[in-house]
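Raw structure.cif, mmCIF, C-alpha atoms:
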```
data_work
loop_
_atom_site.label_atom_id
_atom_site.label_comp_id
_atom_site.auth_asym_id
_atom_site.auth_seq_id
_atom_site.Cartn_x
_atom_site.Cartn_y
_atom_site.Cartn_z
CA MET A 1 -5.39 16.22 5.78
CA LYS A 2 -6.67 19.33 3.93
CA SER A 3 -6.68 21.41 7.13
CA VAL A 4 -3.09 20.38 7.84
CA LEU A 5 -2.00 21.41 4.35
CA LEU A 6 -3.83 24.75 4.71
CA ALA A 7 -2.03 25.42 7.99
CA VAL A 8 1.30 24.70 6.31
CA ALA A 9 0.45 27.13 3.52
CA LEU A 10 -0.41 29.89 6.00
CA LEU A 11 2.79 29.34 7.98
CA GLN A 12 4.74 29.67 4.75
CA GLY A 13 3.02 32.95 3.94
CA GLY A 14 0.53 31.64 1.45
CA ALA A 15 -2.94 33.13 1.05
CA PRO A 16 -5.89 31.01 2.22
CA ASP A 17 -6.99 30.47 -1.41
CA SER A 18 -3.48 29.59 -2.63
CA PRO A 19 -2.94 26.01 -3.83
CA ALA A 20 -1.65 23.85 -1.01
CA PRO A 21 1.98 22.81 -1.43
CA VAL A 22 2.77 19.20 -2.27
CA PRO A 23 3.88 17.52 0.98
CA SER A 24 7.27 15.85 1.28
CA TYR A 25 7.19 12.07 1.17
CA PRO A 26 9.85 9.44 1.94
CA TRP A 27 9.51 8.14 -1.62
CA ALA A 28 9.82 9.60 -5.11
CA VAL A 29 9.01 8.51 -8.64
CA GLY A 30 11.45 5.80 -9.61
CA GLU A 31 11.70 4.15 -6.21
CA THR A 32 11.72 0.41 -6.91
CA LEU A 33 11.87 -2.29 -4.27
CA THR A 34 12.43 -5.87 -5.42
CA TYR A 35 11.72 -8.95 -3.34
CA SER A 36 12.43 -12.64 -3.37
CA ALA A 37 9.26 -14.67 -2.85
CA LYS A 38 9.11 -17.96 -0.99
CA LEU A 39 6.26 -20.37 -0.39
CA GLY A 40 7.25 -21.85 2.93
CA LEU A 41 10.87 -22.91 2.35
CA LEU A 42 10.43 -23.22 -1.43
CA SER A 43 11.45 -20.52 -3.89
CA LEU A 44 8.28 -19.14 -5.47
CA GLY A 45 9.32 -16.18 -7.61
CA ALA A 46 9.71 -12.43 -7.18
CA GLY A 47 7.85 -9.30 -6.22
CA THR A 48 8.19 -5.58 -6.89
CA LEU A 49 6.79 -2.52 -5.17
CA GLU A 50 7.39 0.70 -7.06
CA VAL A 51 6.44 4.32 -7.50
CA ALA A 52 5.95 3.81 -11.21
CA GLY A 53 5.17 7.38 -12.24
CA LEU A 54 2.86 10.38 -12.08
CA ASP A 55 -0.52 10.54 -13.78
CA THR A 56 -3.56 12.80 -13.76
CA VAL A 57 -6.90 11.41 -12.64
CA ARG A 58 -9.85 13.74 -13.20
CA GLY A 59 -7.57 16.76 -12.88
CA ALA A 60 -5.69 15.58 -9.78
CA GLN A 61 -1.97 14.81 -10.05
CA SER A 62 -1.50 11.30 -8.71
CA PHE A 63 1.25 8.85 -7.87
CA ARG A 64 0.95 5.53 -9.65
CA PHE A 65 1.93 2.84 -7.15
CA ARG A 66 2.44 -0.67 -8.51
CA PHE A 67 2.75 -3.95 -6.63
CA ARG A 68 3.46 -7.15 -8.56
CA LEU A 69 3.92 -10.72 -7.34
CA GLN A 70 4.98 -13.47 -9.75
CA GLY A 71 5.53 -17.08 -8.86
CA LYS A 72 5.20 -20.69 -9.91
CA THR A 73 5.38 -24.07 -8.24
CA ILE A 74 4.39 -27.54 -9.43
CA ILE A 75 0.82 -27.05 -8.23
CA TYR A 76 0.32 -23.27 -8.30
CA SER A 77 1.16 -20.21 -10.39
CA LEU A 78 0.33 -16.53 -10.08
CA ASP A 79 1.02 -13.17 -11.65
CA ASP A 80 -0.84 -10.60 -9.58
CA VAL A 81 -0.66 -6.84 -10.15
CA LEU A 82 -2.16 -4.04 -8.07
CA GLU A 83 -2.07 -0.46 -9.38
CA SER A 84 -3.09 2.45 -7.21
CA TYR A 85 -3.54 6.08 -8.29
CA VAL A 86 -3.18 8.30 -5.21
CA GLY A 87 -3.25 12.11 -5.08
CA THR A 88 0.12 13.77 -4.52
CA ARG A 89 -1.45 16.57 -2.47
CA ASP A 90 -3.98 14.70 -0.34
CA LEU A 91 -2.78 11.06 -0.41
CA VAL A 92 -6.23 9.64 -1.23
CA SER A 93 -7.07 6.99 -3.82
CA ARG A 94 -8.83 7.90 -7.06
CA ARG A 95 -8.34 4.70 -9.07
CA PHE A 96 -7.52 1.13 -8.17
CA VAL A 97 -6.81 -1.72 -10.61
CA GLN A 98 -6.42 -5.44 -9.87
CA ASP A 99 -5.02 -7.72 -12.57
CA PHE A 100 -4.72 -11.29 -11.34
CA VAL A 101 -3.70 -14.43 -13.19
CA GLU A 102 -3.76 -17.45 -10.92
CA ASN A 103 -3.37 -20.98 -12.30
CA ASP A 104 -3.85 -19.47 -15.78
CA LYS A 105 -7.22 -17.99 -14.82
CA PRO A 106 -7.29 -14.19 -15.36
CA SER A 107 -9.32 -11.76 -13.26
CA HIS A 108 -9.54 -8.00 -13.84
CA ARG A 109 -11.17 -5.37 -11.67
CA ARG A 110 -11.01 -1.61 -12.00
CA TYR A 111 -12.42 0.87 -9.52
CA GLU A 112 -12.96 4.59 -10.09
CA ILE A 113 -13.04 6.33 -6.72
CA TYR A 114 -14.58 9.79 -6.19
CA PRO A 115 -13.41 11.18 -2.80
CA ASP A 116 -15.31 14.48 -3.12
CA SER A 117 -18.58 12.72 -3.90
CA GLY A 118 -18.30 9.84 -1.46
CA PHE A 119 -18.68 6.88 -3.80
CA PHE A 120 -16.82 4.50 -6.10
CA ARG A 121 -17.75 2.51 -9.19
CA GLU A 122 -16.49 -0.88 -10.26
CA ASN A 123 -16.21 -1.41 -14.02
CA GLY A 124 -18.94 -3.68 -15.31
CA LYS A 125 -21.31 -2.96 -12.43
CA PRO A 126 -24.07 -0.34 -12.78
CA ASP A 127 -24.43 0.90 -9.22
CA ALA A 128 -22.20 3.29 -7.29
CA GLN A 129 -21.11 2.18 -3.82
CA PRO A 130 -20.38 4.40 -0.76
CA SER A 131 -16.81 5.45 -0.01
CA PRO A 132 -15.29 7.50 2.84
CA PRO A 133 -14.11 11.07 2.13
CA ASP A 134 -10.41 10.13 2.35
CA PRO A 135 -10.28 6.65 0.77
CA LEU A 136 -7.29 4.34 0.41
CA ASP A 137 -7.01 1.06 -1.48
CA ASP A 138 -4.96 -2.06 -0.77
CA ALA A 139 -1.78 -0.92 -2.55
CA ALA A 140 -2.03 2.62 -1.19
CA PHE A 141 -1.87 1.32 2.39
CA PHE A 142 1.76 0.27 1.81
CA TYR A 143 2.56 3.97 1.42
CA PHE A 144 0.11 5.34 3.96
CA VAL A 145 1.88 3.46 6.79
CA ARG A 146 5.18 5.00 5.68
CA VAL A 147 3.97 8.49 6.65
CA THR A 148 1.91 7.55 9.70
CA PRO A 149 3.31 7.93 13.25
CA LEU A 150 3.50 4.44 14.76
CA GLU A 151 4.49 3.19 18.21
CA VAL A 152 5.23 -0.34 19.38
CA GLY A 153 2.42 -1.83 21.43
CA LYS A 154 -0.31 0.39 19.99
CA LYS A 155 -3.26 -0.49 17.77
CA TYR A 156 -4.56 2.08 15.29
CA VAL A 157 -8.05 2.16 13.75
CA TYR A 158 -8.91 3.94 10.50
CA ASN A 159 -12.11 4.32 8.51
CA ARG A 160 -10.30 4.95 5.23
CA TYR A 161 -10.70 1.81 3.13
CA PHE A 162 -12.36 2.82 -0.15
CA ARG A 163 -15.14 0.23 0.29
CA LYS A 164 -16.96 1.89 3.17
CA ASP A 165 -18.70 -1.29 4.33
CA LYS A 166 -15.31 -3.01 4.85
CA ASN A 167 -14.12 -0.52 7.48
CA PRO A 168 -12.54 -0.16 9.93
CA VAL A 169 -8.94 -0.95 9.05
CA THR A 170 -6.77 -1.85 12.02
CA ILE A 171 -2.97 -1.66 12.22
CA GLU A 172 -1.28 -3.14 15.25
CA VAL A 173 2.42 -2.48 15.88
CA THR A 174 3.39 -5.72 17.54
CA LYS A 175 7.14 -5.34 18.13
CA ARG A 176 10.49 -3.97 16.96
CA GLU A 177 12.91 -6.38 15.29
CA LYS A 178 16.33 -6.23 13.62
CA MET A 179 16.47 -6.98 9.87
CA ASP A 180 19.22 -6.94 7.23
CA LEU A 181 18.97 -4.62 4.22
CA PRO A 182 20.37 -5.49 0.77
CA ASP A 183 23.22 -2.98 1.33
CA GLY A 184 24.40 -4.97 4.37
CA ARG A 185 23.04 -2.72 7.09
CA ASN A 186 21.26 -4.26 10.08
CA VAL A 187 18.41 -1.94 11.06
CA ASP A 188 15.50 -1.67 13.48
CA CYS A 189 12.11 -2.47 11.96
CA LEU A 190 8.56 -2.02 13.19
CA VAL A 191 6.45 -5.15 12.74
CA LEU A 192 2.89 -4.30 11.69
CA HIS A 193 -0.22 -6.45 11.62
CA PRO A 194 -2.76 -4.75 9.31
CA VAL A 195 -6.30 -6.13 8.91
CA ILE A 196 -8.97 -5.18 6.36
CA ASP A 197 -12.31 -7.01 6.17
CA THR A 198 -11.72 -8.29 2.62
CA LYS A 199 -10.56 -11.48 0.91
CA GLY A 200 -7.21 -10.00 -0.14
CA MET A 201 -3.72 -9.79 1.32
CA PHE A 202 -4.84 -7.88 4.41
CA SER A 203 -7.74 -10.13 5.37
CA LYS A 204 -7.89 -11.44 8.94
CA ARG A 205 -7.37 -14.95 7.61
CA SER A 206 -4.15 -13.95 5.83
CA ASP A 207 -2.58 -12.78 9.11
CA THR A 208 -0.28 -10.47 7.13
CA GLN A 209 2.77 -8.92 8.77
CA ILE A 210 4.88 -6.08 7.38
CA TRP A 211 8.38 -5.19 8.57
CA LEU A 212 9.04 -1.43 8.10
CA THR A 213 12.41 0.20 8.72
CA ASP A 214 12.11 2.46 11.76
CA ASP A 215 13.68 5.47 10.04
CA ALA A 216 12.72 8.35 7.77
CA ARG A 217 12.14 6.19 4.68
CA ARG A 218 10.02 3.47 6.36
CA LEU A 219 10.96 0.84 3.76
CA PRO A 220 8.98 -2.43 3.71
CA VAL A 221 11.76 -5.00 4.28
CA GLN A 222 9.57 -8.08 4.59
CA ILE A 223 5.93 -8.99 3.93
CA ARG A 224 4.44 -12.29 5.08
CA SER A 225 0.93 -13.59 4.36
CA LYS A 226 -0.89 -16.87 4.91
CA PHE A 227 -2.87 -18.45 2.06
CA PRO A 228 -4.85 -21.71 1.89
CA PHE A 229 -1.92 -23.33 0.05
CA GLY A 230 0.83 -22.02 2.37
CA THR A 231 2.65 -18.95 3.68
CA ILE A 232 4.24 -16.52 1.20
CA THR A 233 7.18 -14.43 2.41
CA LEU A 234 8.56 -11.51 0.42
CA ARG A 235 12.05 -10.42 1.47
CA LEU A 236 13.69 -7.25 0.19
CA LYS A 237 16.66 -8.09 -2.04
CA GLY A 238 17.18 -4.90 -4.05
CA MET A 239 16.30 -1.23 -3.77
CA LYS A 240 16.49 1.74 -6.10
CA LEU A 241 16.04 4.83 -3.95
CA PRO A 242 15.84 8.28 -5.56
CA PRO A 243 16.98 11.11 -3.28
CA SER A 244 14.40 12.35 -0.78
CA PRO A 245 14.61 14.82 2.14
CA PRO A 246 15.97 13.15 5.35
CA SER A 247 12.92 14.33 7.29
CA ALA A 248 10.40 13.42 4.58
CA GLY A 249 7.08 12.23 5.84
CA ARG A 250 7.98 12.51 9.53
#
```
Starting from the file, give its structure as structure tokens.
Amino acid sequence: MKSVLLAVALLQGGAPDSPAPVPSYPWAVGETLTYSAKLGLLSLGAGTLEVAGLDTVRGAQSFRFRFRLQGKTIIYSLDDVLESYVGTRDLVSRRFVQDFVENDKPSHRRYEIYPDSGFFRENGKPDAQPSPPDPLDDAAFFYFVRVTPLEVGKKYVYNRYFRKDKNPVTIEVTKREKMDLPDGRNVDCLVLHPVIDTKGMFSKRSDTQIWLTDDARRLPVQIRSKFPFGTITLRLKGMKLPPSPPSAGR
């Protein structure tokens, strides 16, 4: 990633020691995607995926990505939040926060990730753990796939998950399928099957699928995951899209 940015700077006339320009992305601060959530055929609640703002983490300007899923049935309730702090220049994770409340039982985890040093720390635990040089967390992968070239029928392998021992991450592009957007358009989508060796949304057991629009924005239109209590489907029902360059991220 750094070498690509340096090449861009040189082509634009920048000196080798000049700060690399911030790349163009198909999202911007303020982008908010809202989803209906169903457990099987039952209404469960709602979800949001948003570029919530910009922050600074140890001197690096970072996007703050936020994914929230809220729902309640007779036998199950959840309010799960993932927050990811990802560098605007290098698109690597520097902080990851999980706030889960499931059946009224709260769980909080916070990870500080140090890409230049090759380790991360989890709050409340004394030892540092190894991390790859270009780490990504669970929430960050929603945005990583939006700027990654993908072709139907291909399987991609990455060693970028921030917990080094849980690599590799695989992303299989299984097919192309038509989907309706909230504005009434019927568009082509790429159907992805991502797998990370964890217990979360992208575990092999969850069999998660993501439908991404096959265009410049690469919007997640639908997300489907299997859980022990049933299958949860998130379907895009509203979108707030700040202006972005037509060729952003491609």
Nearest candidate to Leu181 (chain A) (options A:Ser203, A:Thr213, A:Asn159, A:Gln98; using only C-alpha atoms):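 Among A:Ser203, A:Thr213, A:Asn159, A:Gln98, it is A:Thr213 that comes nearest to Leu181 (chain A).
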Picked residues, the PyMOL selection byres ((chain A and resi 80) around 8), as a PyMOL selection string: chain A and resi 68-70+78-79+81-82+98-102
Exercise: Thr233 (chain A) partners within 6 Å, all atoms listed in the file, chain neighbours under 2 positions left out, as a list in words: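 Using all atoms listed in the file, the neighbours found are Ala37, Lys38, Ile223 and Arg224 of chain A.
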For CA of Val29 (chain A) and CA of Asp116 (chain A), the interatomic separation in Å (one decimal): 25.6 Å
Close residues, Leu241 (chain A) itself excluded, 8 Å, only C-alpha atoms, min 4 positions apart in chain, as a list in words: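 In the requested form, the answer reads Trp27, Ala28, Gly30, Glu31 and Thr32 of chain A.
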Now that the selection is made, can you save its residues with C-alpha atoms as a JSON list (two decimals), in the coordinates of the input?
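Generated file (result_3.json):
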```
[["chain", "number", "residue", "atom", "x", "y", "z"],
["A", 27, "TRP", "CA", 9.51, 8.14, -1.62],
["A", 28, "ALA", "CA", 9.82, 9.60, -5.11],
["A", 30, "GLY", "CA", 11.45, 5.80, -9.61],
["A", 31, "GLU", "CA", 11.70, 4.15, -6.21],
["A", 32, "THR", "CA", 11.72, 0.41, -6.91]]
```
For CA of Gln222 (chain A) and CA of Pro106 (chain A), the interatomic separation in Å (one decimal): 26.8 Å
Atom pair CA of Gly200 (chain A) / CA of Val173 (chain A): separation (Å):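 Straight-line distance from CA of Gly200 (chain A) to CA of Val173 (chain A) works out to 20.1 Å.
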Top pick for closest residue to Arg66 (chain A), considering A:Leu39, A:Leu54, A:Val191, A:Leu219 and counting only C-alpha atoms: A:Leu54
Residue IDs satisfying the PyMOL selection byres ((chain A and resi 40) around 9), as a ChimeraX atom specification: /A:38-39,41-44,230-233
Can you take the partial region 65-95 of chain A, add N, CA and C atoms, and return it as a short mmCIF file (atom, residue, chain, number, x, y, z; two decimals), keeping the file's coordinate frame?
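Final output, saved to out19.cif:
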```
data_model
loop_
_atom_site.label_atom_id
_atom_site.label_comp_id
_atom_site.auth_asym_id
_atom_site.auth_seq_id
_atom_site.Cartn_x
_atom_site.Cartn_y
_atom_site.Cartn_z
N PHE A 65 1.24 3.89 -7.91
CA PHE A 65 1.93 2.84 -7.15
C PHE A 65 1.62 1.49 -7.79
N ARG A 66 2.64 0.63 -7.86
CA ARG A 66 2.44 -0.67 -8.51
C ARG A 66 3.07 -1.77 -7.69
N PHE A 67 2.27 -2.77 -7.36
CA PHE A 67 2.75 -3.95 -6.63
C PHE A 67 2.51 -5.17 -7.50
N ARG A 68 3.58 -5.96 -7.72
CA ARG A 68 3.46 -7.15 -8.56
C ARG A 68 4.10 -8.34 -7.86
N LEU A 69 3.41 -9.48 -7.90
CA LEU A 69 3.92 -10.72 -7.34
C LEU A 69 3.80 -11.81 -8.39
N GLN A 70 4.94 -12.40 -8.76
CA GLN A 70 4.98 -13.47 -9.75
C GLN A 70 5.58 -14.72 -9.12
N GLY A 71 4.98 -15.86 -9.41
CA GLY A 71 5.53 -17.08 -8.86
C GLY A 71 4.94 -18.32 -9.51
N LYS A 72 5.67 -19.43 -9.33
CA LYS A 72 5.20 -20.69 -9.91
C LYS A 72 5.80 -21.86 -9.13
N THR A 73 4.94 -22.79 -8.79
CA THR A 73 5.38 -24.07 -8.24
C THR A 73 4.74 -25.18 -9.07
N ILE A 74 4.96 -26.41 -8.67
CA ILE A 74 4.39 -27.54 -9.43
C ILE A 74 2.86 -27.49 -9.44
N ILE A 75 2.28 -27.01 -8.35
CA ILE A 75 0.82 -27.05 -8.23
C ILE A 75 0.15 -25.68 -8.30
N TYR A 76 0.94 -24.60 -8.38
CA TYR A 76 0.32 -23.27 -8.30
C TYR A 76 1.15 -22.24 -9.04
N SER A 77 0.47 -21.32 -9.73
CA SER A 77 1.16 -20.21 -10.39
C SER A 77 0.34 -18.94 -10.22
N LEU A 78 1.02 -17.82 -10.18
CA LEU A 78 0.33 -16.53 -10.08
C LEU A 78 1.15 -15.42 -10.70
N ASP A 79 0.44 -14.43 -11.19
CA ASP A 79 1.02 -13.17 -11.65
C ASP A 79 0.01 -12.09 -11.31
N ASP A 80 0.14 -11.54 -10.12
CA ASP A 80 -0.84 -10.60 -9.58
C ASP A 80 -0.27 -9.19 -9.59
N VAL A 81 -1.07 -8.25 -10.07
CA VAL A 81 -0.66 -6.84 -10.15
C VAL A 81 -1.73 -5.97 -9.52
N LEU A 82 -1.30 -5.09 -8.62
CA LEU A 82 -2.16 -4.04 -8.07
C LEU A 82 -1.61 -2.70 -8.51
N GLU A 83 -2.47 -1.83 -9.04
CA GLU A 83 -2.07 -0.46 -9.38
C GLU A 83 -2.99 0.52 -8.67
N SER A 84 -2.37 1.49 -8.03
CA SER A 84 -3.09 2.45 -7.21
C SER A 84 -2.73 3.86 -7.66
N TYR A 85 -3.74 4.69 -7.89
CA TYR A 85 -3.54 6.08 -8.29
C TYR A 85 -3.96 6.96 -7.11
N VAL A 86 -2.97 7.60 -6.48
CA VAL A 86 -3.18 8.30 -5.21
C VAL A 86 -2.73 9.76 -5.35
N GLY A 87 -3.55 10.69 -4.94
CA GLY A 87 -3.25 12.11 -5.08
C GLY A 87 -1.95 12.52 -4.42
N THR A 88 -1.14 13.32 -5.10
CA THR A 88 0.12 13.77 -4.52
C THR A 88 -0.10 14.81 -3.43
N ARG A 89 -1.20 15.52 -3.46
CA ARG A 89 -1.45 16.57 -2.47
C ARG A 89 -2.21 16.06 -1.24
N ASP A 90 -3.12 15.11 -1.46
CA ASP A 90 -3.98 14.70 -0.34
C ASP A 90 -3.80 13.25 0.06
N LEU A 91 -3.03 12.47 -0.69
CA LEU A 91 -2.78 11.06 -0.41
C LEU A 91 -4.09 10.28 -0.24
N VAL A 92 -5.01 10.45 -1.19
CA VAL A 92 -6.23 9.64 -1.23
C VAL A 92 -6.33 8.96 -2.59
N SER A 93 -6.97 7.80 -2.60
CA SER A 93 -7.07 6.99 -3.82
C SER A 93 -8.16 7.52 -4.75
N ARG A 94 -7.85 7.51 -6.05
CA ARG A 94 -8.83 7.90 -7.06
C ARG A 94 -9.07 6.80 -8.11
N ARG A 95 -8.18 5.84 -8.15
CA ARG A 95 -8.34 4.70 -9.07
C ARG A 95 -7.57 3.52 -8.51
#
```
